[in-house]
Amino acid sequence: MINFELNGRTFGYLNPYLIAEIGVNHEGSLERAKEMIDQVARAGGHAAKFQTYKAATLAAKTTSPAYWDQTKEPTTSQYELFQRWDNFGPAEYAELAEHCKLRGIDFMSTPFDLDAVDMLTPLMPSTKVASADLTNIPLLRKIGATKRPTIMSCGASSHEEIERSLNVLLEAGAPSVTLLHCILNYPTPRENAQLSQIQVLQEKFGDRVAIGYSDHVRPEDDGSVPALEIASIYGAVVIEKHFTDNKQGIGNDHYHAVDERDLKAFTEKLAIYRELYGKREHSLGAQSSAINNARRRVIAVRTLPVGHIIEESDLIALRSNVGIEIAHWDDVVGKTVAVEIEAELPLEWSQLS
């Protein structure tokens with residue numbers, strides 16, 4: 001498994017790089033966006049990510065129908081929805097990047113056009129490619145040419161398309177690429193999550209790139225996120241999840257997002273998983289008491305006189321914290337008693353010859 005490395009930090013098994021996808025859930029409020037950055041930092045996220053686009057360069061006005069749950073977001077046109085929240089510009093993103101820096105987390109924003117790549121690159125340690133742009137060759141070449149680590153979601157894409165896009169990024173200059181398994185349903189029903197594809201991507205591309213997961217499954221009613229937990233157990237070293245300050249909010253990305261409490265609970269659960277998983281180096285230190293007290297030793301069933309040649313019928317294996325361990329049974333049988341051995345007491349090597 002290839003770890004995810006960024007700015008001198010390494011993220012690996014059960015310790016994924018956590019991207020909180022705020023997107024446009026700030027609904028055009030810079031102060032609300034900053035507060036959400038604060039929430040991400042408090043919850044243990046590593047990056048707060050936004051979306052940078054202009055409706056006019058993203059979606060056609062009359063032929064871009066909705067593909068989300070319209071009971072949660074009733075807008076029928078992508079163009080209309082994107083136009084609603086495309087008001088941030090260079091000054092706002094620079095301010096958000098500075099706020100992330102003050103809070104000790106990374107700033108990221110997905111660029112949806114070539115100008116956005118130019119504007120965002122100086123502000124970010126890594127660039128994110130959205131699933132819907134995996135086949136956008138001009139955008140991929142532009143992103144690769146920035147020579148920044150690239151994270152690419154693989155929703156709604158075939159393995160052949162992923163292979164081609166990966167090659168485009170690397171050939172354009174991307175120093176590393178991380179592929180995120182993703183299902184492009186808003187929200188993703190459990191039966192469509194296909195978390196097994198994390199392992200499939202690992203098998204197919206894991207010798208070249210790091211593998212992670214971008215999630216659109218709704219949190220459980222108690223705020224738990226089993227999809228993210230399973231993804232981390234399956235080895236996702238980057239995990240991206242939509243983030244909101246109001247899970248009841250109207251809009252495409254509120255109702256399947258986590259909030260500060262959910263993200264905090266997940267980071268705490270990851271810490272428990274890491275503790276349970278432990279280290280790969282074999283150690284018996286924590287079991288020393290059991291080794292000393294629960295293992296059996298060689299005990300005499302009767303008094304054994306000097307000169308007696310020990311037979312198996314002279315011995316019994318009982319738990320004891322002193323004496324010769326049962327593992328040496330065959331070495332004891334056939335030995336000569338040098339010092340009388342009392343019945344029901346453990347044998348010691350000094351008593352044998």
# chains A, B, ... in the order shown; residues from 1 in each chain; ligands from 1
>>> select_by_dssp(residues="range 80-195 of chain A", states="strand (DSSP E)", output="list in words")
Asp106, Phe107, Met108, Ser109, Thr110, Pro111, Thr127, Lys128, Val129, Thr150, Ile151, Met152, Ser153, Val177, Thr178, Leu179, Leu180, His181 and Cys182 of chain A
>>> closest_atom_pairs(of="range 100-156 of chain A", to="range 211-223 of chain A", cutoff="12 Å", atoms="only C-alpha atoms", output="JSON lines")
{"residue": "A:Lys128", "atom": "CA", "partner": "A:Ser214", "partner_atom": "CA", "distance": 11.2}
{"residue": "A:Val129", "atom": "CA", "partner": "A:Ser214", "partner_atom": "CA", "distance": 11.4}
{"residue": "A:Ala130", "atom": "CA", "partner": "A:Ser214", "partner_atom": "CA", "distance": 9.9}
{"residue": "A:Ser131", "atom": "CA", "partner": "A:Ser214", "partner_atom": "CA", "distance": 9.5}
{"residue": "A:Thr150", "atom": "CA", "partner": "A:Ile211", "partner_atom": "CA", "distance": 11.8}
{"residue": "A:Ile151", "atom": "CA", "partner": "A:Gly212", "partner_atom": "CA", "distance": 9.0}
{"residue": "A:Met152", "atom": "CA", "partner": "A:Gly212", "partner_atom": "CA", "distance": 9.4}
{"residue": "A:Ser153", "atom": "CA", "partner": "A:Ser214", "partner_atom": "CA", "distance": 6.7}
{"residue": "A:Cys154", "atom": "CA", "partner": "A:Ser214", "partner_atom": "CA", "distance": 8.7}
{"residue": "A:Gly155", "atom": "CA", "partner": "A:Ser214", "partner_atom": "CA", "distance": 8.7}
>>> write_last_selection(atoms="C-alpha atoms", output="PDB file, in the first residue's frame")
ATOM      1  CA  LYS A 128      -8.308  17.969  -6.336  1.00  0.00           C
ATOM      2  CA  VAL A 129      -9.958  16.724  -9.534  1.00  0.00           C
ATOM      3  CA  ALA A 130     -13.723  16.161  -9.306  1.00  0.00           C
ATOM      4  CA  SER A 131     -15.191  12.902 -10.604  1.00  0.00           C
ATOM      5  CA  THR A 150      -3.036  15.560  -7.271  1.00  0.00           C
ATOM      6  CA  ILE A 151      -6.071  13.834  -5.771  1.00  0.00           C
ATOM      7  CA  MET A 152      -8.624  12.566  -8.287  1.00  0.00           C
ATOM      8  CA  SER A 153     -12.086  11.167  -7.562  1.00  0.00           C
ATOM      9  CA  CYS A 154     -13.063   8.247  -9.788  1.00  0.00           C
ATOM     10  CA  GLY A 155     -16.861   8.400  -9.664  1.00  0.00           C
TER      11      GLY A 155
END
>>> residues_around(residues="Asp245 in chain A", least_positions_apart="6", cutoff="9 Å", atoms="only C-alpha atoms", output="JSON, numbers by chain")
{"A": [25, 26, 32, 35, 36, 39, 254, 258, 259, 260]}
>>> write_last_selection(atoms="N, CA and C atoms", output="compact mmCIF listing (two decimals), in the first residue's frame")
# COMPACT_ATOMS: atom_id res chain seq x y z
N ASN A 25 -21.30 25.00 0.78
CA ASN A 25 -22.26 24.97 1.89
C ASN A 25 -22.21 26.22 2.74
N HIS A 26 -21.25 27.08 2.51
CA HIS A 26 -21.22 28.40 3.15
C HIS A 26 -22.27 29.33 2.55
N ARG A 32 -19.28 32.72 7.36
CA ARG A 32 -19.76 31.36 7.62
C ARG A 32 -18.72 30.35 7.16
N GLU A 35 -16.05 30.15 9.79
CA GLU A 35 -16.50 29.41 10.97
C GLU A 35 -16.50 27.92 10.69
N MET A 36 -16.83 27.51 9.48
CA MET A 36 -16.80 26.10 9.15
C MET A 36 -15.37 25.57 9.11
N GLN A 39 -14.59 24.80 12.58
CA GLN A 39 -15.23 23.55 12.99
C GLN A 39 -14.43 22.34 12.51
N HIS A 254 -25.88 19.55 1.75
CA HIS A 254 -26.08 19.58 3.20
C HIS A 254 -26.55 18.23 3.73
N VAL A 258 -21.40 15.47 6.84
CA VAL A 258 -21.19 15.38 8.28
C VAL A 258 -21.05 16.79 8.83
N ASP A 259 -21.26 16.92 10.13
CA ASP A 259 -21.01 18.19 10.80
C ASP A 259 -19.85 18.02 11.77
N GLU A 260 -19.57 19.03 12.55
CA GLU A 260 -18.42 19.00 13.45
C GLU A 260 -18.49 17.82 14.41
>>> closest_residue(among="A:Ala60, A:Leu315, A:Val117, A:Ala41", to="Val332 in chain A", atoms="only C-alpha atoms")
A:Leu315
>>> closest_residue(among="A:Leu352, A:Leu6, A:Ile105, A:Ile37", to="Pro149 in chain A", atoms="only C-alpha atoms")
A:Leu6
>>> atom_distance(atom1="CA of Glu5 in chain A", atom2="CA of Ser176 in chain A")
9.1 Å
>>> residues_around(residues="Glu95 in chain A", least_positions_apart="4", cutoff="12 Å", atoms="only C-alpha atoms", output="PyMOL selection string")
chain A and resi 30-31+33-34+37+88-91+99-102+107+120+123
>>> write_last_selection(atoms="C-alpha atoms", output="compact mmCIF listing (two decimals), in the first residue's frame")
# COMPACT_ATOMS: atom_id res chain seq x y z
CA LEU A 30 -17.29 34.42 3.86
CA GLU A 31 -17.75 34.58 7.63
CA ALA A 33 -17.03 29.70 5.54
CA LYS A 34 -14.42 30.77 8.12
CA ILE A 37 -13.01 26.03 8.79
CA PHE A 88 -16.28 34.07 -4.40
CA GLY A 89 -13.21 35.38 -6.24
CA PRO A 90 -9.42 35.55 -5.70
CA ALA A 91 -9.64 37.82 -2.66
CA HIS A 99 -7.71 31.38 7.77
CA CYS A 100 -6.93 27.70 7.23
CA LYS A 101 -3.27 28.44 7.89
CA LEU A 102 -4.14 30.19 11.15
CA PHE A 107 -6.76 24.94 2.32
CA LEU A 120 -5.78 28.48 -6.68
CA LEU A 123 -2.79 28.76 -2.21
>>> select_by_dssp(residues="range 210-313 of chain A", states="helix (DSSP H, G or I)", output="VMD selection string")
chain A and resid 226 to 233 260 to 277 285 to 294 312 to 313
>>> write_last_selection(atoms="C-alpha atoms", output="PDB file, in the first residue's frame")
ATOM      1  CA  PRO A 226     -19.877   3.388   8.800  1.00  0.00           C
ATOM      2  CA  ALA A 227     -18.891   3.924   5.169  1.00  0.00           C
ATOM      3  CA  LEU A 228     -15.907   5.992   6.259  1.00  0.00           C
ATOM      4  CA  GLU A 229     -15.008   3.493   8.965  1.00  0.00           C
ATOM      5  CA  ILE A 230     -15.045   0.595   6.505  1.00  0.00           C
ATOM      6  CA  ALA A 231     -13.084   2.644   3.974  1.00  0.00           C
ATOM      7  CA  SER A 232     -10.358   3.262   6.541  1.00  0.00           C
ATOM      8  CA  ILE A 233     -10.248  -0.435   7.445  1.00  0.00           C
ATOM      9  CA  GLU A 260     -18.416  18.998  13.446  1.00  0.00           C
ATOM     10  CA  ARG A 261     -19.773  16.487  15.954  1.00  0.00           C
ATOM     11  CA  ASP A 262     -19.868  13.693  13.362  1.00  0.00           C
ATOM     12  CA  LEU A 263     -16.336  14.381  12.132  1.00  0.00           C
ATOM     13  CA  LYS A 264     -15.011  14.587  15.691  1.00  0.00           C
ATOM     14  CA  ALA A 265     -16.598  11.236  16.550  1.00  0.00           C
ATOM     15  CA  PHE A 266     -15.030   9.695  13.449  1.00  0.00           C
ATOM     16  CA  THR A 267     -11.529  10.986  14.215  1.00  0.00           C
ATOM     17  CA  GLU A 268     -11.871   9.669  17.764  1.00  0.00           C
ATOM     18  CA  LYS A 269     -12.978   6.279  16.446  1.00  0.00           C
ATOM     19  CA  LEU A 270      -9.990   6.203  14.103  1.00  0.00           C
ATOM     20  CA  ALA A 271      -7.728   6.727  17.110  1.00  0.00           C
ATOM     21  CA  ILE A 272      -9.358   3.725  18.782  1.00  0.00           C
ATOM     22  CA  TYR A 273      -8.898   1.644  15.623  1.00  0.00           C
ATOM     23  CA  ARG A 274      -5.215   2.573  15.462  1.00  0.00           C
ATOM     24  CA  GLU A 275      -4.771   1.597  19.098  1.00  0.00           C
ATOM     25  CA  LEU A 276      -6.523  -1.733  18.530  1.00  0.00           C
ATOM     26  CA  TYR A 277      -4.544  -2.441  15.356  1.00  0.00           C
ATOM     27  CA  GLY A 285       5.612  -7.429  26.432  1.00  0.00           C
ATOM     28  CA  ALA A 286       1.955  -7.006  27.352  1.00  0.00           C
ATOM     29  CA  GLN A 287       1.627 -10.777  27.852  1.00  0.00           C
ATOM     30  CA  SER A 288       4.619 -11.289  30.138  1.00  0.00           C
ATOM     31  CA  SER A 289       2.412 -11.912  33.160  1.00  0.00           C
ATOM     32  CA  ALA A 290       0.492 -14.606  31.277  1.00  0.00           C
ATOM     33  CA  ILE A 291       3.745 -16.194  30.104  1.00  0.00           C
ATOM     34  CA  ASN A 292       5.036 -16.304  33.692  1.00  0.00           C
ATOM     35  CA  ASN A 293       1.848 -17.385  35.414  1.00  0.00           C
ATOM     36  CA  ALA A 294      -0.436 -19.189  32.951  1.00  0.00           C
ATOM     37  CA  GLU A 312       6.771 -39.702  31.977  1.00  0.00           C
ATOM     38  CA  SER A 313       4.630 -41.332  34.668  1.00  0.00           C
TER      39      SER A 313
END
>>> atom_distance(atom1="CA of Ile310 in chain A", atom2="CA of Thr336 in chain A")
6.2 Å
